[in-house]
Structures are given as structure tokens and as C-alpha cells.
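Asks: Have a look at the structure that comes next, please.
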Amino acid sequence: MRTDNLIYRSGKGLSHFFQNKPLNSSTEIRLTRLCTQRCKQCSVYERQTLPASMDLQRFRFIAKKLKAYGAHIGFISGGEATLVPDLIPILVLSKNLFPVATTLVTGLYNETAKIKKIANVCLTNNINIQTSLDATGPLGDYLRGAKNFSDTVLEHMDMINAMRQNSRSLLYANVVINNLNLEQVPELVENIKTRGWKATIGMYHHLTGTTREEDDLKLIPGKRVDALLDYLDGNPDILNLNAYIRGIKPYIEKQKSTECPFVAAKFSMTRSTIMENGDLHLCWGGPIGNLFEQDLEDIFSSKPYQQRLKQYAQCRGCWTTCYTQRYLLLHPRTLNELINNVAKTIKLKRNT
């Protein structure tokens, strides 16, 4: 990052701090509600917004708003982002918009030629690529609502790894653990590792507006979960913090969680999600504003934002990688957690 740009962004951050506004450290832009899969846990494809996808012109408008307020880490997702016609110029623009890191979130379930073209742009521009691999075989098809899901995704993971050469892009696959796939998780982690990708672990939840409550996916405390957590704890092949892995059992048994990041660390931890129609979401609950109609400054000064924080203060808590793990990274509860967090951060830096 250029020195003058760094000074400008630092000044904006300090301004937000003294005005009691969030830094907006992480921004996810969901470009489309269209998707190539029909995942059991997701309802994004049921949205009826028009247009269904954000084009380059509308993205530029959003980007201008984000740049004016400040944006640091970016995720470009969907639905399935590779269905967006303007994705390639949007990715190039995103790289300049988010100075810390930009990640394309894709299911890698699309035509191979299209995936290859988009992956090449990411690798050339050092844009990270995140995908999902929740199960293989028939279970994978069931969970993701797509035919030959795991074979397709693993084939595309192999292809992208072969293309990477000297790229500094981080390639990682997220495994969302649920009551149906516990026995497959070690195999999934190994599959990810052998393909030159990194693995992360998430936990099934139905917290946000586009996640669906499914009883057969809910984690049930017991020996099956305990055996998996023993495998994951301290596992060098996953990027998660040990503190996050060790907190899964207390959460599903006793709903024991951290403070809400949006309330306890609202300056540094706020994660914004912008939908294809410009609606801005935080965690659960409806939109608190719309970036096609308002500036971020106005949204984070608004009554709906303040009311949402009051609602979150009463929340029983969650245990998600999107929110909880980010909070644990900067708010270690013990010296051991601090040491582990530093070690994981160094490892992640080396991987990129």
C-alpha cells in the first residue's frame, strides 16, 4: 500500500474511532442471489430481488461508498459469484478497493472453462479463493443439492493449484461440520491438503437471513463430536484458531459463547454484508440501510444501527468463524490463546 494511502486510511480509522463509529474492518459483497447449488443450509437462491445480480456499474457505485468510508478486507461472494457476467472486472476493482486482502468465495461448481478463466485472474492479482467441501459422494450431493458435487469441486481445486505457480493467493476450502458429516471430516481435510489447499472448519448454524434451520444438521453433543474435536484440536492442517475449535463443545453443550463482537468491539470487529440490491446487513436481523440510497457514514450514525446493537447486546451468542473467531483472534482470553493466535497468524502470512 502506498504511504500516502496508508496515512489517509489511518486518519479515516482514527476519525471513526473518535466518532464512536465502526472501522468496517471486513466487508462481504454478495453479488448475486443466483446459485448453481441448492444447499440444505442455505436459502439465498430463494431471494426475489431484481436485478438478480450486481453489474459493474452498480458495483463501482458501492465501491465509491466503501472507499469514502473505509474498507480493509473484502469478500466477493454470492450465491455463486462465477455466474455474475461482470465478475472479472469487479475482482480487479476489488483488489484496489481492499488494501489488506480480497477473497473470492465460490462453490467452484460451474463450467470448467469459466472457473479456469476466473481463477487465472485471481491468481494473477493475488486474490484469495475460498470454496466449500462439506462431504464427498452421495452425502456431498445431498448436502449441496448438486450432482457429482465433490468430484467437480475436487477436480477444480486440482486445476487451480496446478495454475498457481508464484501467486501469493491463499487457496482454502471450508468444511462446515454438521451432524451428518462428522465421520467424513478427517477425509475431507486430507483431500484438501493433498490438493495443495488449506482447510478451515466452520460449524452449521441458522443465524443469518440466508441460512436455513435444519434439524438433521444440528450438532448433537456426544462421542461422535468429541472424537472429531480431538482430531481437530491442534491439527496443523487446518487454519482455525485452537480457541475456536476448543469452544465448539462448550457452545453446543451449554451455549457458552463470547461477548457479541458487534457490541463488545464495535470499532474493530464490525463485519458488513452488502447484498446484490445494496441492502447492508450485520449479523442476524434485516438490513439497517441500503448503500444505493445512503452513505456508510449515515448508516452507522442511524437509529436502526443503534437499535440493532441494543438487540445484539441481548443475544445469547454464537460460535461462527465469521464473527466469533475474528473476535477471539484479537481478544485472546489466556496467554496460551495469545501465543497460538500469533503462531497461526505467522503461519497464514507464510502461506500467502
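Convention: chains lettered A, B, ... in C-alpha cells order; per-chain residue numbering from 1; ligands numbered from 1 as shown.
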Quick one: everything within 8 Å of Leu23 in chain A, counting only C-alpha atoms, minus sequence neighbours fewer than 3 positions away in the same chain. Send it as number ranges by chain.

Replies: A: 13, 16-17, 70-71, 267-270

Asks: Grab the CA of Gly202 in chain A to CA of Ile177 in chain A distance for me, in Å with one decimal place.

Replies: 6.1 Å

Asks: Going by DSSP on the backbone, which residues of range 96-256 of chain A come out as strand (DSSP E or B)? List them as an MDAnalysis selection string.

Replies: chainID A and resid 101:105 128:132 171:177 198:203 211 238

Asks: Just give me the gap between CA of Asn24 in chain A and CA of Leu56 in chain A in Å, one decimal is fine.

Replies: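 Rounded to one decimal, the two atoms are 22.3 Å apart.
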
Asks: Find the residues near Asp151 in chain A: any atom within 10 Å, counting only C-alpha atoms, skip ones fewer than 2 places away on the same chain, and give them as a PDB file with N, CA, C and O atoms, in the first residue's frame.

Replies:
```pdb
ATOM      1  N   TYR A 109     -18.515 -24.764  -8.498  1.00  0.00           N
ATOM      2  CA  TYR A 109     -19.436 -25.675  -9.183  1.00  0.00           C
ATOM      3  C   TYR A 109     -20.048 -24.924 -10.357  1.00  0.00           C
ATOM      4  O   TYR A 109     -21.116 -24.334 -10.267  1.00  0.00           O
ATOM      5  N   THR A 136     -18.221 -35.798   0.653  1.00  0.00           N
ATOM      6  CA  THR A 136     -17.965 -36.422  -0.642  1.00  0.00           C
ATOM      7  C   THR A 136     -19.071 -37.430  -0.941  1.00  0.00           C
ATOM      8  O   THR A 136     -19.859 -37.794  -0.074  1.00  0.00           O
ATOM      9  N   GLY A 137     -19.095 -37.882  -2.195  1.00  0.00           N
ATOM     10  CA  GLY A 137     -20.042 -38.921  -2.587  1.00  0.00           C
ATOM     11  C   GLY A 137     -21.497 -38.482  -2.466  1.00  0.00           C
ATOM     12  O   GLY A 137     -21.822 -37.291  -2.550  1.00  0.00           O
ATOM     13  N   GLY A 140     -22.310 -35.625  -0.091  1.00  0.00           N
ATOM     14  CA  GLY A 140     -21.993 -34.312  -0.642  1.00  0.00           C
ATOM     15  C   GLY A 140     -23.083 -33.812  -1.567  1.00  0.00           C
ATOM     16  O   GLY A 140     -23.486 -32.638  -1.500  1.00  0.00           O
ATOM     17  N   ASP A 141     -23.584 -34.693  -2.428  1.00  0.00           N
ATOM     18  CA  ASP A 141     -24.674 -34.308  -3.330  1.00  0.00           C
ATOM     19  C   ASP A 141     -25.910 -33.909  -2.547  1.00  0.00           C
ATOM     20  O   ASP A 141     -26.624 -32.968  -2.920  1.00  0.00           O
ATOM     21  N   LYS A 147     -25.417 -32.492  -8.348  1.00  0.00           N
ATOM     22  CA  LYS A 147     -24.957 -33.783  -8.839  1.00  0.00           C
ATOM     23  C   LYS A 147     -23.433 -33.801  -8.975  1.00  0.00           C
ATOM     24  O   LYS A 147     -22.837 -32.847  -9.468  1.00  0.00           O
ATOM     25  N   ASN A 148     -22.819 -34.899  -8.532  1.00  0.00           N
ATOM     26  CA  ASN A 148     -21.354 -35.062  -8.604  1.00  0.00           C
ATOM     27  C   ASN A 148     -20.632 -33.869  -7.976  1.00  0.00           C
ATOM     28  O   ASN A 148     -19.630 -33.379  -8.506  1.00  0.00           O
ATOM     29  N   PHE A 149     -21.136 -33.428  -6.854  1.00  0.00           N
ATOM     30  CA  PHE A 149     -20.592 -32.236  -6.203  1.00  0.00           C
ATOM     31  C   PHE A 149     -19.110 -32.359  -5.894  1.00  0.00           C
ATOM     32  O   PHE A 149     -18.289 -31.552  -6.333  1.00  0.00           O
ATOM     33  N   VAL A 153     -15.850 -30.311  -7.564  1.00  0.00           N
ATOM     34  CA  VAL A 153     -15.091 -29.345  -6.781  1.00  0.00           C
ATOM     35  C   VAL A 153     -13.629 -29.774  -6.648  1.00  0.00           C
ATOM     36  O   VAL A 153     -12.707 -28.951  -6.812  1.00  0.00           O
ATOM     37  N   LEU A 154     -13.377 -31.049  -6.368  1.00  0.00           N
ATOM     38  CA  LEU A 154     -12.008 -31.525  -6.209  1.00  0.00           C
ATOM     39  C   LEU A 154     -11.224 -31.412  -7.525  1.00  0.00           C
ATOM     40  O   LEU A 154     -10.034 -31.079  -7.521  1.00  0.00           O
ATOM     41  N   GLU A 155     -11.892 -31.667  -8.625  1.00  0.00           N
ATOM     42  CA  GLU A 155     -11.240 -31.511  -9.936  1.00  0.00           C
ATOM     43  C   GLU A 155     -10.832 -30.058 -10.159  1.00  0.00           C
ATOM     44  O   GLU A 155      -9.715 -29.770 -10.629  1.00  0.00           O
ATOM     45  N   HIS A 156     -11.697 -29.130  -9.818  1.00  0.00           N
ATOM     46  CA  HIS A 156     -11.375 -27.715  -9.996  1.00  0.00           C
ATOM     47  C   HIS A 156     -10.318 -27.243  -8.999  1.00  0.00           C
ATOM     48  O   HIS A 156      -9.491 -26.382  -9.320  1.00  0.00           O
ATOM     49  N   MET A 157     -10.312 -27.805  -7.803  1.00  0.00           N
ATOM     50  CA  MET A 157      -9.253 -27.485  -6.850  1.00  0.00           C
ATOM     51  C   MET A 157      -7.900 -27.930  -7.386  1.00  0.00           C
ATOM     52  O   MET A 157      -6.899 -27.195  -7.289  1.00  0.00           O
TER      53      MET A 157
END
```

Asks: Can you list every residue in range 37-145 of chain A that DSSP puts in helix (DSSP H, G or I), as a ChimeraX atom specification?

Replies: /A:44-46,56-69,81-83,87-97,112-124,137-144

Asks: Counting only C-alpha atoms, which residues of range 240-342 of chain A fall within 10 Å of range 40-49 of chain A, and what is the closest atom pair for each with its distance in Å at one decimal, ordered by chain and rising number, as CSV?

Replies:
```
residue,atom,partner,partner_atom,distance
A:Met275,CA,A:Thr49,CA,9.6
A:Glu276,CA,A:Thr49,CA,7.9
A:Asn277,CA,A:Thr49,CA,6.7
```

Asks: Selection from above, all heavy atoms, as a tab-separated table (two decimals), in the first residue's frame, can you write it?

Replies:
```tsv
chain	number	residue	atom	x	y	z
A	275	MET	N	-25.80	-6.92	0.14
A	275	MET	CA	-26.49	-7.82	-0.77
A	275	MET	C	-26.52	-7.24	-2.19
A	275	MET	O	-26.16	-6.08	-2.41
A	275	MET	CB	-27.91	-8.07	-0.26
A	275	MET	CG	-27.97	-8.54	1.19
A	275	MET	SD	-27.05	-10.07	1.51
A	275	MET	CE	-28.18	-11.27	0.82
A	276	GLU	N	-27.00	-8.05	-3.12
A	276	GLU	CA	-26.99	-7.66	-4.53
A	276	GLU	C	-27.85	-6.43	-4.80
A	276	GLU	O	-27.63	-5.71	-5.79
A	276	GLU	CB	-27.45	-8.83	-5.40
A	276	GLU	CG	-28.93	-9.19	-5.31
A	276	GLU	CD	-29.28	-9.98	-4.06
A	276	GLU	OE1	-28.38	-10.51	-3.38
A	276	GLU	OE2	-30.48	-10.08	-3.76
A	277	ASN	N	-28.80	-6.13	-3.92
A	277	ASN	CA	-29.65	-4.95	-4.10
A	277	ASN	C	-29.19	-3.76	-3.27
A	277	ASN	O	-29.90	-2.75	-3.17
A	277	ASN	CB	-31.10	-5.29	-3.73
A	277	ASN	CG	-31.28	-5.63	-2.26
A	277	ASN	OD1	-30.30	-5.91	-1.57
A	277	ASN	ND2	-32.51	-5.60	-1.78
```

Asks: Determine the nearest neighbour of Arg30 in chain A from the options A:Ser272, A:Asn161, A:Thr200, A:Asn174, counting only C-alpha atoms.

Replies: A:Ser272
